[in-house]
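target-v3.cif follows; it contains mmCIF, C-alpha atoms and all ligand atoms.
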```
data_query
#
loop_
_atom_site.label_atom_id
_atom_site.label_comp_id
_atom_site.auth_asym_id
_atom_site.auth_seq_id
_atom_site.Cartn_x
_atom_site.Cartn_y
_atom_site.Cartn_z
CA MET A 19 0.00 0.00 0.00
CA GLU A 20 1.22 3.47 -0.82
CA PRO A 21 1.63 5.85 2.15
CA ASP A 22 -0.87 8.67 2.42
CA ILE A 23 1.05 11.75 1.35
CA LYS A 24 -1.81 14.19 0.83
CA ASN A 25 -1.31 16.22 3.99
CA THR A 26 2.43 16.13 4.34
CA SER A 27 3.60 16.55 0.79
CA PRO A 28 5.52 19.67 -0.18
CA ASP A 29 4.22 21.61 -3.14
CA ARG A 30 5.86 19.75 -6.02
CA LYS A 31 4.27 21.98 -8.61
CA LYS A 32 5.70 25.06 -6.95
CA ILE A 33 9.16 23.51 -6.62
CA PHE A 34 9.07 22.62 -10.30
CA GLN A 35 7.82 26.07 -11.34
CA GLN A 36 10.56 27.74 -9.32
CA SER A 37 13.30 25.60 -10.88
CA LYS A 38 14.98 27.74 -13.49
CA SER A 39 17.98 25.57 -14.28
CA ILE A 40 17.20 21.91 -14.91
CA VAL A 41 19.41 18.93 -15.68
CA ILE A 42 17.73 15.82 -17.09
CA LYS A 43 19.49 12.47 -17.11
CA VAL A 44 18.13 9.95 -19.56
CA GLY A 45 18.92 6.28 -19.06
CA SER A 46 19.98 4.08 -21.95
CA SER A 47 16.98 1.76 -21.69
CA LEU A 48 14.61 4.67 -22.34
CA ILE A 49 16.27 5.68 -25.58
CA ILE A 50 17.12 2.29 -27.03
CA GLU A 51 14.94 -0.66 -27.98
CA ASP A 52 15.71 -3.75 -25.97
CA LYS A 53 15.87 -6.20 -28.85
CA GLN A 54 16.80 -4.28 -31.97
CA GLY A 55 19.13 -1.86 -30.25
CA ALA A 56 17.66 1.02 -32.27
CA ILE A 57 16.55 4.43 -31.05
CA LYS A 58 12.92 4.54 -29.89
CA LYS A 59 11.86 7.20 -32.38
CA GLN A 60 8.45 8.05 -30.99
CA TRP A 61 9.60 8.28 -27.39
CA PHE A 62 12.62 10.30 -28.42
CA ALA A 63 10.52 12.86 -30.32
CA SER A 64 8.20 13.23 -27.33
CA PHE A 65 11.14 13.78 -25.00
CA ILE A 66 12.53 16.50 -27.27
CA GLU A 67 9.06 18.13 -27.27
CA ASP A 68 9.11 18.18 -23.45
CA VAL A 69 12.55 19.78 -23.36
CA ILE A 70 11.44 22.47 -25.81
CA ASP A 71 8.39 23.14 -23.62
CA LEU A 72 10.73 23.74 -20.68
CA ARG A 73 12.78 26.16 -22.78
CA LYS A 74 9.57 28.00 -23.69
CA LEU A 75 8.94 28.45 -19.96
CA GLY A 76 12.31 30.21 -19.75
CA LYS A 77 14.16 27.36 -18.04
CA THR A 78 17.65 26.31 -19.08
CA VAL A 79 18.04 22.60 -19.78
CA ILE A 80 21.08 20.34 -19.85
CA ILE A 81 20.55 16.75 -20.97
CA VAL A 82 22.87 14.07 -19.66
CA SER A 83 22.26 11.28 -22.11
CA SER A 84 23.33 7.66 -21.93
CA GLY A 85 23.04 5.33 -24.87
CA ALA A 86 26.34 5.61 -26.72
CA ILE A 87 27.67 2.20 -25.77
CA ASN A 88 24.43 0.35 -26.50
CA LEU A 89 23.95 2.09 -29.84
CA GLY A 90 27.55 1.36 -30.80
CA ARG A 91 27.17 -2.29 -29.82
CA LYS A 92 24.31 -2.63 -32.24
CA ILE A 93 26.11 -0.93 -35.11
CA LEU A 94 29.24 -3.02 -34.53
CA ASN A 95 27.23 -6.18 -34.05
CA LEU A 96 28.65 -6.74 -30.58
CA LYS A 97 25.24 -7.40 -29.14
CA ASP A 98 25.37 -10.65 -27.27
CA SER A 99 28.59 -10.92 -25.36
CA GLU A 100 29.92 -9.01 -22.37
CA LEU A 101 32.21 -6.30 -23.73
CA THR A 102 35.85 -5.79 -22.81
CA LEU A 103 36.80 -2.25 -21.81
CA GLU A 104 38.40 -1.70 -25.23
CA GLN A 105 35.25 -2.91 -26.99
CA GLU A 106 33.12 -0.64 -24.81
CA GLN A 107 35.35 2.31 -25.70
CA ALA A 108 35.09 1.48 -29.38
CA ALA A 109 31.30 1.01 -29.12
CA ALA A 110 31.00 4.36 -27.33
CA SER A 111 32.99 6.04 -30.08
CA VAL A 112 30.67 4.69 -32.77
CA GLY A 113 27.47 5.14 -30.75
CA GLN A 114 28.17 8.66 -29.50
CA ILE A 115 28.22 10.17 -32.97
CA GLU A 116 24.93 8.43 -33.75
CA LEU A 117 23.37 9.62 -30.49
CA SER A 118 24.49 13.22 -31.06
CA LYS A 119 23.18 13.12 -34.63
CA GLU A 120 19.76 12.08 -33.34
CA TYR A 121 19.62 14.94 -30.83
CA GLN A 122 20.91 17.45 -33.36
CA GLU A 123 18.41 16.47 -36.04
CA HIS A 124 15.46 16.66 -33.67
CA PHE A 125 16.40 19.97 -32.09
CA LYS A 126 17.39 21.57 -35.39
CA LEU A 127 14.04 20.66 -36.89
CA LYS A 128 12.37 22.64 -34.09
CA GLY A 129 14.75 25.58 -34.42
CA HIS A 130 16.92 24.84 -31.37
CA ILE A 131 20.67 24.52 -31.06
CA CYS A 132 22.17 21.68 -29.06
CA SER A 133 25.81 20.87 -28.39
CA GLN A 134 27.88 17.87 -27.41
CA VAL A 135 29.90 17.92 -24.18
CA LEU A 136 31.94 14.83 -23.28
CA ILE A 137 33.30 14.74 -19.74
CA THR A 138 35.58 12.43 -17.78
CA LEU A 139 35.95 12.11 -14.02
CA ASP A 140 39.32 13.85 -14.40
CA ASP A 141 37.58 17.00 -15.57
CA PHE A 142 36.05 17.38 -12.12
CA THR A 143 39.12 16.50 -10.08
CA ASN A 144 41.53 18.78 -11.93
CA ARG A 145 40.73 22.32 -10.80
CA ARG A 146 41.61 24.10 -14.05
CA ARG A 147 39.58 21.66 -16.13
CA TYR A 148 36.73 21.85 -13.64
CA LEU A 149 36.59 25.64 -14.01
CA ASN A 150 36.80 25.42 -17.79
CA CYS A 151 34.03 22.85 -17.88
CA LYS A 152 31.86 25.05 -15.66
CA SER A 153 32.38 28.18 -17.73
CA THR A 154 31.80 26.35 -21.03
CA LEU A 155 28.50 24.91 -19.80
CA LYS A 156 27.39 28.25 -18.37
CA THR A 157 28.31 30.04 -21.60
CA LEU A 158 26.36 27.51 -23.66
CA LEU A 159 23.31 28.05 -21.45
CA LYS A 160 23.62 31.83 -21.74
CA LEU A 161 23.69 31.44 -25.52
CA GLY A 162 20.44 29.49 -25.37
CA VAL A 163 22.04 26.18 -26.34
CA ILE A 164 20.87 22.82 -24.98
CA PRO A 165 24.06 20.95 -24.00
CA ILE A 166 23.96 17.17 -24.40
CA VAL A 167 26.44 15.68 -21.94
CA ASN A 168 27.82 12.17 -21.73
CA GLU A 169 30.86 10.58 -20.18
CA ASN A 170 33.77 10.47 -22.59
CA ASP A 171 33.68 6.66 -22.54
CA THR A 172 36.10 6.39 -25.43
CA VAL A 173 39.03 7.64 -23.36
CA ALA A 174 37.80 6.88 -19.84
CA THR A 175 39.47 3.74 -18.50
CA ASP A 176 38.14 1.88 -15.46
CA GLU A 177 40.19 3.85 -12.92
CA ILE A 178 39.12 7.27 -14.17
CA ARG A 179 35.56 6.52 -14.94
CA TYR A 180 32.15 7.30 -13.47
CA GLY A 181 30.69 4.37 -15.36
CA ASP A 182 27.19 5.67 -14.70
CA ASN A 183 25.56 8.90 -15.71
CA ASP A 184 23.64 9.37 -12.44
CA ARG A 185 26.67 10.69 -10.57
CA LEU A 186 27.95 12.49 -13.65
CA ALA A 187 24.60 14.30 -13.95
CA ALA A 188 24.79 15.26 -10.27
CA GLN A 189 28.23 16.81 -10.79
CA VAL A 190 26.95 18.68 -13.84
CA ALA A 191 23.95 19.99 -11.86
CA SER A 192 26.27 20.99 -9.06
CA ILE A 193 28.77 22.97 -11.17
CA CYS A 194 25.97 24.68 -13.09
CA ASP A 195 24.16 25.73 -9.87
CA SER A 196 21.04 23.97 -11.13
CA ASP A 197 17.90 23.86 -9.01
CA LEU A 198 16.63 20.52 -10.19
CA LEU A 199 18.02 17.23 -11.48
CA ILE A 200 15.56 14.77 -13.00
CA LEU A 201 16.80 11.20 -13.30
CA LEU A 202 14.58 9.52 -15.88
CA SER A 203 14.75 5.84 -15.24
CA ASP A 204 12.76 2.63 -15.74
CA ILE A 205 11.40 2.79 -12.19
CA ASP A 206 9.19 5.42 -10.58
CA GLY A 207 11.40 6.06 -7.59
CA LEU A 208 12.73 4.52 -4.42
CA TYR A 209 10.92 1.72 -2.60
CA THR A 210 11.54 0.33 0.86
CA GLU A 211 12.63 -2.88 -0.91
CA SER A 212 12.72 -4.04 -4.49
CA PRO A 213 9.16 -4.02 -5.89
CA LYS A 214 10.28 -6.70 -8.34
CA LYS A 215 11.12 -9.00 -5.46
CA SER A 216 8.61 -8.14 -2.76
CA GLU A 217 4.94 -7.28 -2.75
CA HIS A 218 5.45 -5.45 0.54
CA ALA A 219 7.66 -2.84 -1.09
CA VAL A 220 6.40 0.68 -0.28
CA HIS A 221 7.06 3.63 -2.56
CA ILE A 222 8.70 6.67 -0.95
CA PRO A 223 7.46 9.95 -2.44
CA PHE A 224 9.70 12.42 -0.56
CA ILE A 225 13.08 12.27 1.12
CA SER A 226 14.42 15.26 2.97
CA GLU A 227 17.36 13.51 4.61
CA ILE A 228 19.43 10.66 3.22
CA THR A 229 19.77 8.43 6.24
CA GLU A 230 21.57 5.10 6.49
CA GLU A 231 18.18 3.42 6.27
CA ILE A 232 17.52 5.10 2.92
CA GLU A 233 20.92 4.04 1.64
CA LEU A 234 20.21 0.43 2.60
CA MET A 235 17.05 0.47 0.50
CA ALA A 236 19.09 1.06 -2.64
CA GLU A 237 20.23 -1.90 -4.66
CA GLY A 238 22.60 -2.46 -7.59
CA PRO A 239 21.42 -2.24 -11.23
CA GLU A 240 18.61 -4.63 -11.99
CA ASN A 241 18.63 -4.59 -15.74
CA ASN A 242 21.52 -5.35 -18.04
CA PHE A 243 21.21 -2.06 -19.85
CA SER A 244 22.11 0.78 -17.54
CA HIS A 245 25.28 1.06 -15.53
CA GLY A 246 23.70 2.77 -12.56
CA GLY A 247 21.11 1.48 -10.13
CA MET A 248 19.33 2.92 -7.12
CA LYS A 249 22.67 3.15 -5.32
CA THR A 250 24.20 5.58 -7.80
CA LYS A 251 20.95 7.57 -7.77
CA ILE A 252 21.19 7.98 -4.01
CA GLU A 253 24.85 8.99 -4.42
CA ALA A 254 23.68 11.56 -6.96
CA ALA A 255 21.02 12.84 -4.54
CA LYS A 256 23.64 13.26 -1.81
CA VAL A 257 25.67 15.50 -4.13
CA THR A 258 22.78 17.61 -5.40
CA THR A 259 20.89 18.10 -2.14
CA SER A 260 24.09 19.29 -0.43
CA VAL A 261 24.37 22.12 -2.96
CA GLY A 262 20.72 23.13 -2.84
CA CYS A 263 19.50 21.21 -5.90
CA ASN A 264 16.41 19.01 -5.65
CA LEU A 265 16.40 15.62 -7.38
CA ILE A 266 13.57 13.55 -8.81
CA ILE A 267 13.76 9.88 -9.71
CA ALA A 268 10.94 9.32 -12.19
CA ASP A 269 9.80 6.63 -14.56
CA GLY A 270 10.55 7.97 -18.00
CA GLN A 271 9.34 5.02 -20.05
CA LYS A 272 6.11 6.53 -21.33
CA SER A 273 6.04 9.26 -23.98
CA ASN A 274 6.40 12.89 -22.81
CA PRO A 275 8.21 11.85 -19.63
CA ILE A 276 8.68 15.38 -18.30
CA SER A 277 5.26 16.91 -18.89
CA ASN A 278 3.23 17.09 -15.67
CA ILE A 279 6.09 15.51 -13.79
CA SER A 280 5.00 17.08 -10.53
CA GLU A 281 1.77 15.10 -10.73
CA LYS A 282 3.38 11.76 -11.51
CA LYS A 283 4.42 9.07 -9.04
CA ALA A 284 8.12 9.62 -8.34
CA THR A 285 10.61 10.09 -5.52
CA TRP A 286 11.67 13.66 -4.72
CA PHE A 287 14.87 14.27 -2.79
CA LEU A 288 14.47 17.71 -1.29
CA ALA A 289 17.39 20.01 -0.67
CA SER A 290 17.27 21.59 2.76
CA GLN A 291 18.41 24.98 1.47
CA SER A 292 18.42 26.94 -1.77
CA VAL A 293 21.31 26.84 -4.26
CA LYS A 294 22.22 30.40 -3.23
CA ALA A 295 22.25 29.65 0.49
CA ALA A 296 24.25 26.44 0.01
CA ARG A 297 26.77 28.29 -2.14
CA LYS A 298 27.11 31.08 0.38
CA LYS A 299 27.71 28.63 3.19
CA TRP A 300 30.28 26.78 1.10
CA ILE A 301 32.19 29.98 0.26
CA LEU A 302 32.20 31.12 3.89
CA ASN A 303 33.49 27.74 5.04
CA MET A 304 36.32 27.58 2.50
CA LYS A 305 39.84 28.54 3.48
CA SER A 306 40.75 31.98 2.19
CA LEU A 307 43.98 32.06 0.20
CA GLY A 308 44.33 35.81 -0.20
CA GLU A 309 42.92 39.24 0.52
CA ILE A 310 41.67 42.05 -1.67
CA THR A 311 41.30 45.47 -0.05
CA ILE A 312 38.70 47.76 -1.58
CA ASP A 313 37.77 51.45 -1.32
CA LEU A 314 34.62 52.85 0.30
CA LYS A 315 32.82 53.34 -3.00
CA ALA A 316 33.36 49.69 -3.94
CA GLU A 317 32.25 48.60 -0.46
CA LYS A 318 28.96 50.44 -0.95
CA ALA A 319 28.55 48.99 -4.43
CA LEU A 320 29.15 45.46 -3.13
CA LYS A 321 26.63 45.88 -0.33
CA SER A 322 24.00 46.99 -2.79
CA GLY A 323 24.45 43.77 -4.76
CA ASN A 324 27.11 44.61 -7.35
CA SER A 325 30.19 42.65 -8.37
CA LEU A 326 33.66 43.70 -7.28
CA LEU A 327 35.31 45.55 -10.17
CA PRO A 328 39.08 46.15 -10.41
CA VAL A 329 38.50 49.92 -10.27
CA GLY A 330 37.49 49.69 -6.62
CA ALA A 331 40.38 47.46 -5.51
CA ILE A 332 43.38 49.00 -3.76
CA LYS A 333 45.59 46.13 -2.68
CA CYS A 334 45.86 42.37 -2.96
CA ILE A 335 47.96 39.89 -1.01
CA GLY A 336 48.27 36.11 -0.78
CA GLN A 337 48.83 33.25 -3.19
CA PHE A 338 45.62 32.44 -5.00
CA ASN A 339 44.54 31.09 -8.35
CA ARG A 340 41.43 31.77 -10.38
CA GLY A 341 38.51 30.08 -8.59
CA ASP A 342 40.12 30.19 -5.12
CA VAL A 343 38.38 31.82 -2.19
CA VAL A 344 39.70 35.23 -1.12
CA THR A 345 38.66 37.62 1.64
CA VAL A 346 37.43 41.09 0.77
CA LYS A 347 38.47 43.79 3.23
CA GLY A 348 37.48 47.42 3.60
CA GLU A 349 39.81 50.43 3.74
CA GLU A 350 40.03 50.14 7.54
CA GLY A 351 40.97 46.48 7.31
CA GLN A 352 37.52 45.24 8.33
CA ILE A 353 36.39 41.93 6.79
CA ILE A 354 33.43 42.42 4.43
CA ALA A 355 32.97 39.25 2.45
CA LYS A 356 34.56 36.18 0.93
CA GLY A 357 34.39 35.34 -2.74
CA LEU A 358 35.75 33.30 -5.61
CA ALA A 359 38.50 35.14 -7.48
CA SER A 360 38.03 35.55 -11.23
CA PHE A 361 41.78 36.13 -11.69
CA ASP A 362 44.83 34.71 -9.98
CA GLN A 363 46.87 36.77 -7.57
CA SER A 364 49.47 38.09 -10.06
CA GLU A 365 46.76 39.10 -12.56
CA THR A 366 44.72 40.80 -9.82
CA GLY A 367 47.81 42.76 -8.79
CA MET A 368 48.25 44.03 -12.34
CA ILE A 369 44.70 45.29 -12.76
CA LEU A 370 44.13 46.94 -9.36
CA GLY A 371 42.36 50.29 -9.72
CA ILE A 372 41.87 50.12 -13.48
CA LYS A 373 38.63 50.26 -15.46
CA SER A 374 37.26 46.89 -16.60
CA GLU A 375 37.47 47.88 -20.27
CA ASP A 376 41.24 48.34 -19.85
CA ILE A 377 41.80 44.77 -18.57
CA PRO A 378 42.54 43.31 -22.05
CA SER A 379 45.19 45.92 -22.80
CA VAL A 380 46.93 45.37 -19.44
CA LEU A 381 46.75 41.57 -19.37
CA GLY A 382 46.86 40.96 -23.11
CA TYR A 383 43.68 38.90 -23.03
CA ASN A 384 40.04 39.30 -22.17
CA ARG A 385 38.52 37.17 -19.45
CA LYS A 386 36.07 38.80 -17.10
CA PRO A 387 35.17 42.37 -16.19
CA GLU A 388 35.04 41.73 -12.44
CA LEU A 389 37.49 40.53 -9.77
CA ILE A 390 34.67 38.71 -8.00
CA HIS A 391 31.26 38.20 -9.54
CA ARG A 392 28.35 38.99 -7.24
CA ASP A 393 27.05 35.39 -7.53
CA ASN A 394 30.39 34.19 -6.18
CA MET A 395 30.39 36.44 -3.11
CA ALA A 396 29.21 35.74 0.43
CA PHE A 397 28.90 38.39 3.12
CA PHE A 398 29.51 37.97 6.83
CA ASN A 399 26.28 38.93 8.54
N1 LIG B 1 27.97 6.62 -20.75
C1 LIG B 1 27.30 5.38 -21.04
C2 LIG B 1 26.75 5.39 -22.47
O1 LIG B 1 26.55 6.41 -23.06
C3 LIG B 1 26.11 5.14 -20.14
C4 LIG B 1 26.34 5.07 -18.68
C5 LIG B 1 25.02 4.80 -17.95
O2 LIG B 1 24.25 3.96 -18.40
O3 LIG B 1 24.74 5.44 -16.95
O4 LIG B 1 26.47 4.34 -22.99
#
```

Please go through the file and, once you have read it, give me the structure as structure tokens.
Ligand code: GLU
Amino acid sequence: MEPDIKNTSPDRKKIFQQSKSIVIKVGSSLIIEDKQGAIKKQWFASFIEDVIDLRKLGKTVIIVSSGAINLGRKILNLKDSELTLEQEQAAASVGQIELSKEYQEHFKLKGHICSQVLITLDDFTNRRRYLNCKSTLKTLLKLGVIPIVNENDTVATDEIRYGDNDRLAAQVASICDSDLLILLSDIDGLYTESPKKSEHAVHIPFISEITEEIELMAEGPENNFSHGGMKTKIEAAKVTTSVGCNLIIADGQKSNPISNISEKKATWFLASQSVKAARKKWILNMKSLGEITIDLKAEKALKSGNSLLPVGAIKCIGQFNRGDVVTVKGEEGQIIAKGLASFDQSETGMILGIKSEDIPSVLGYNRKPELIHRDNMAFFN
């Protein structure tokens, strides 16, 4: 029996409406036919329709799409046997181009631009690559593009591999400051035990804290198609909810899997705080690697919600790189805020006190107009 959720349920519709930046992960088994290994054309078209509807509502959408390996298997006729890592890499190489082509054709037909972004685990552990990945995705979204992300399975070996797109999607949602990650799967959420094995399994509609008990409910993958299972979905939820992003595990098997999602049976993992609040807390907790002293005018500008521009900066000390946390101090030495530096320490030193439009002529390249963007700043209350 399903628990009665009528009185206790949070307003899913409202949460969905308020989500401006959405990441959708699509499992392989949704896109590809079980037997023929071909793309499920009708389902695929309906999914694209749903994504376009979200764009029309003004939301940004990133799709994390599986399917490359299974498509490649079919094309290479490697269907029946278990694949070696090398065969998987080769299958991914063949399948990825096919998968991208499918997305591109569908979106183009409807007047939308999509792009391909292939990521490895390394891209998130190496700071420079992490920052590049983040700014590329954010730039694509600003340009109105729909990025289609997958793991770069062709070069990812076992040691440096996610192997499942659930956790990859969570990392993507986290670096893009998304409000919502939807994991479209072949099951409508988390149950107290496997519904395939027990008739006593109870569906859980909402989770606001991932306890040990919840983790124990998760099992490994149950079909031979996807690489993730409930376990990797819970891992994904741990990542997203800690950065203020809600996560839904929903059954995506029927056509138009996203439309009316807040009315469908699913499991919602609710973040305890907003993306902004989680980010602020994170910045304030990070070790500061430098200091930027600013003048009174800049202090006032910052407090009324503006970014920190080089023109208002007087001094900088410390050893910091782009993306590191630095402390912002006032003329009297009082601590005002902490923020993520847009430039490293030597660059910051060179552009102190100058107008943003002069940055390219001083540095010889154009990066950003501000030393710290307002979204990357947290004030001490
Ligand atoms: N990256 C794999 C692929 O495209 C899928 C991994 C997964 O199923 O989560 O085939």

Using all atoms listed in the file, find each protein or nucleic acid residue lying at most 9 Å from ligand LIG 1 (chain B); present the set as a PDB file with C-alpha atoms, keeping the file's coordinate frame.
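Dumped everything to out.pdb:
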```
ATOM      1  CA  LYS A  43      19.490  12.470 -17.110  1.00  0.00           C
ATOM      2  CA  VAL A  44      18.130   9.950 -19.560  1.00  0.00           C
ATOM      3  CA  GLY A  45      18.920   6.280 -19.060  1.00  0.00           C
ATOM      4  CA  SER A  46      19.980   4.080 -21.950  1.00  0.00           C
ATOM      5  CA  SER A  47      16.980   1.760 -21.690  1.00  0.00           C
ATOM      6  CA  SER A  83      22.260  11.280 -22.110  1.00  0.00           C
ATOM      7  CA  SER A  84      23.330   7.660 -21.930  1.00  0.00           C
ATOM      8  CA  GLY A  85      23.040   5.330 -24.870  1.00  0.00           C
ATOM      9  CA  ALA A  86      26.340   5.610 -26.720  1.00  0.00           C
ATOM     10  CA  ILE A  87      27.670   2.200 -25.770  1.00  0.00           C
ATOM     11  CA  ASN A  88      24.430   0.350 -26.500  1.00  0.00           C
ATOM     12  CA  LEU A  89      23.950   2.090 -29.840  1.00  0.00           C
ATOM     13  CA  GLY A  90      27.550   1.360 -30.800  1.00  0.00           C
ATOM     14  CA  GLU A 106      33.120  -0.640 -24.810  1.00  0.00           C
ATOM     15  CA  ALA A 109      31.300   1.010 -29.120  1.00  0.00           C
ATOM     16  CA  ALA A 110      31.000   4.360 -27.330  1.00  0.00           C
ATOM     17  CA  GLY A 113      27.470   5.140 -30.750  1.00  0.00           C
ATOM     18  CA  GLN A 114      28.170   8.660 -29.500  1.00  0.00           C
ATOM     19  CA  LEU A 117      23.370   9.620 -30.490  1.00  0.00           C
ATOM     20  CA  ASN A 168      27.820  12.170 -21.730  1.00  0.00           C
ATOM     21  CA  GLU A 169      30.860  10.580 -20.180  1.00  0.00           C
ATOM     22  CA  ASN A 170      33.770  10.470 -22.590  1.00  0.00           C
ATOM     23  CA  ASP A 171      33.680   6.660 -22.540  1.00  0.00           C
ATOM     24  CA  TYR A 180      32.150   7.300 -13.470  1.00  0.00           C
ATOM     25  CA  GLY A 181      30.690   4.370 -15.360  1.00  0.00           C
ATOM     26  CA  ASP A 182      27.190   5.670 -14.700  1.00  0.00           C
ATOM     27  CA  ASN A 183      25.560   8.900 -15.710  1.00  0.00           C
ATOM     28  CA  ASP A 184      23.640   9.370 -12.440  1.00  0.00           C
ATOM     29  CA  ARG A 185      26.670  10.690 -10.570  1.00  0.00           C
ATOM     30  CA  LEU A 186      27.950  12.490 -13.650  1.00  0.00           C
ATOM     31  CA  PHE A 243      21.210  -2.060 -19.850  1.00  0.00           C
ATOM     32  CA  SER A 244      22.110   0.780 -17.540  1.00  0.00           C
ATOM     33  CA  HIS A 245      25.280   1.060 -15.530  1.00  0.00           C
ATOM     34  CA  GLY A 246      23.700   2.770 -12.560  1.00  0.00           C
ATOM     35  CA  GLY A 247      21.110   1.480 -10.130  1.00  0.00           C
TER      36      GLY A 247
END
```

Sort by chain and increasing residue number a table of all residues of segment 336-362 of chain A within 10 Å of segment 374-391 of chain A, each with its closest pair of atoms and their distance in Å to one decimal, counting all atoms listed in the file, and write it as a tab-separated table.
```
residue	atom	partner	partner_atom	distance
A:Arg340	CA	A:Leu389	CA	9.6
A:Gly341	CA	A:Ile390	CA	9.5
A:Val343	CA	A:Ile390	CA	9.7
A:Val344	CA	A:Ile390	CA	9.2
A:Val346	CA	A:Ile390	CA	9.5
A:Lys356	CA	A:Ile390	CA	9.3
A:Gly357	CA	A:Ile390	CA	6.3
A:Leu358	CA	A:Ile390	CA	6.0
A:Ala359	CA	A:Ile390	CA	5.3
A:Ser360	CA	A:Leu389	CA	5.2
A:Phe361	CA	A:Leu389	CA	6.4
A:Asp362	CA	A:Leu389	CA	9.4
```

For this session: May I ask for the distance between atom CA of Met235 of chain A and atom CA of Gln271 of chain A, given in Å to one decimal place?
Result: 22.4 Å

For this session: List the neighbours of Val135 of chain A out to 10 Å using all atoms listed in the file; skip same-chain residues closer than 5 positions along the sequence, and give me the result as a PyMOL selection string.
Result: chain A and resi 81-82+118+151+154-155+165-170

Exercise. For Gln122 of chain A, which residue out of A:Ser306, A:Lys373, A:Ile66, A:Lys283 is the nearest one, using only C-alpha atoms?
Worked result: A:Ile66

Problem set entry | Neighbour list for Glu211 of chain A as a ChimeraX atom specification, cut-off 8 Å, only C-alpha atoms, skip fewer than 4 positions in-chain | /A:215-216,218-220,235-236

Store the residues picked out above, limited to C-alpha atoms, as a PDB file, in the frame of the given file.
```
ATOM      1  CA  LYS A 215      11.120  -9.000  -5.460  1.00  0.00           C
ATOM      2  CA  SER A 216       8.610  -8.140  -2.760  1.00  0.00           C
ATOM      3  CA  HIS A 218       5.450  -5.450   0.540  1.00  0.00           C
ATOM      4  CA  ALA A 219       7.660  -2.840  -1.090  1.00  0.00           C
ATOM      5  CA  VAL A 220       6.400   0.680  -0.280  1.00  0.00           C
ATOM      6  CA  MET A 235      17.050   0.470   0.500  1.00  0.00           C
ATOM      7  CA  ALA A 236      19.090   1.060  -2.640  1.00  0.00           C
TER       8      ALA A 236
END
```

Exercise. Hey, what's within 9 Å of Leu103 of chain A if we count only C-alpha atoms and toss same-chain stuff fewer than 4 positions away? As an MDAnalysis selection string, please?
Worked result: chainID A and resid 107:108 175:176

Exercise. What's the 12 Å shell around Gly351 of chain A, counting only C-alpha atoms, without same-chain residues fewer than 6 positions away, as an MDAnalysis selection string?
Worked result: chainID A and resid 309:314 317 332:333 345

Could you write out that same residue set with C-alpha atoms as a compact mmCIF listing (two decimals), keeping the file's coordinate frame?
```
# COMPACT_ATOMS: atom_id res chain seq x y z
CA GLU A 309 42.92 39.24 0.52
CA ILE A 310 41.67 42.05 -1.67
CA THR A 311 41.30 45.47 -0.05
CA ILE A 312 38.70 47.76 -1.58
CA ASP A 313 37.77 51.45 -1.32
CA LEU A 314 34.62 52.85 0.30
CA GLU A 317 32.25 48.60 -0.46
CA ILE A 332 43.38 49.00 -3.76
CA LYS A 333 45.59 46.13 -2.68
CA THR A 345 38.66 37.62 1.64
```

Exercise. List as a PyMOL selection string: which residues have an atom within 7 Å of (7.2, 21.8, -11.7), counting all atoms listed in the file?
Worked result: chain A and resi 30-35+279-280

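Taking all atoms listed in the file into account, Ile42 of chain A lies nearest to A:Gly270 out of the set A:Gly270, A:Gly336, A:Gly162, A:Gly207.
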
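If you measure from each of A:Gln352, A:Asn264, A:Gln337, A:Gln134 to Gln36 of chain A using all atoms listed in the file, the closest one turns out to be A:Asn264.
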
Exercise. Using only C-alpha atoms, which residues sit within 8 Å of Leu208 of chain A once same-chain residues fewer than 3 positions away are excluded, as a PyMOL selection string?
Worked result: chain A and resi 221-223+235-236+248+267+284-285

Problem set entry | Distance in Å - atom CA of Glu104 of chain A versus atom CA of Thr172 of chain A |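 These two atoms are separated by 8.4 Å.
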
For this session: Calculate how many Å separate atom CA of Glu120 of chain A from atom CA of Ala255 of chain A, rounding to one decimal.
Result: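 The value is 28.8 Å.
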
For this session: Return the single residue from A:Lys77, A:Lys315, A:Lys214, A:Lys92 that is closest to Gln54 of chain A, with distances computed using all atoms listed in the file.
Result: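 The answer is A:Lys92, which sits nearest to Gln54 of chain A.
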
Problem set entry | Residue nearest Leu302 of chain A - candidates A:Ser192, A:Thr102, A:Gln60, A:Asn394, atoms counted: all atoms listed in the file |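 When distances to Leu302 of chain A are compared using all atoms listed in the file, the smallest one comes from A:Asn394.
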
Exercise. Using all atoms listed in the file, what residues lie at most 10 Å away from (22.5, 18.7, -11.6) (file coordinates), given as a PyMOL selection string?
Worked result: chain A and resi 39-43+80-82+184-201+254-255+257-259+261-265
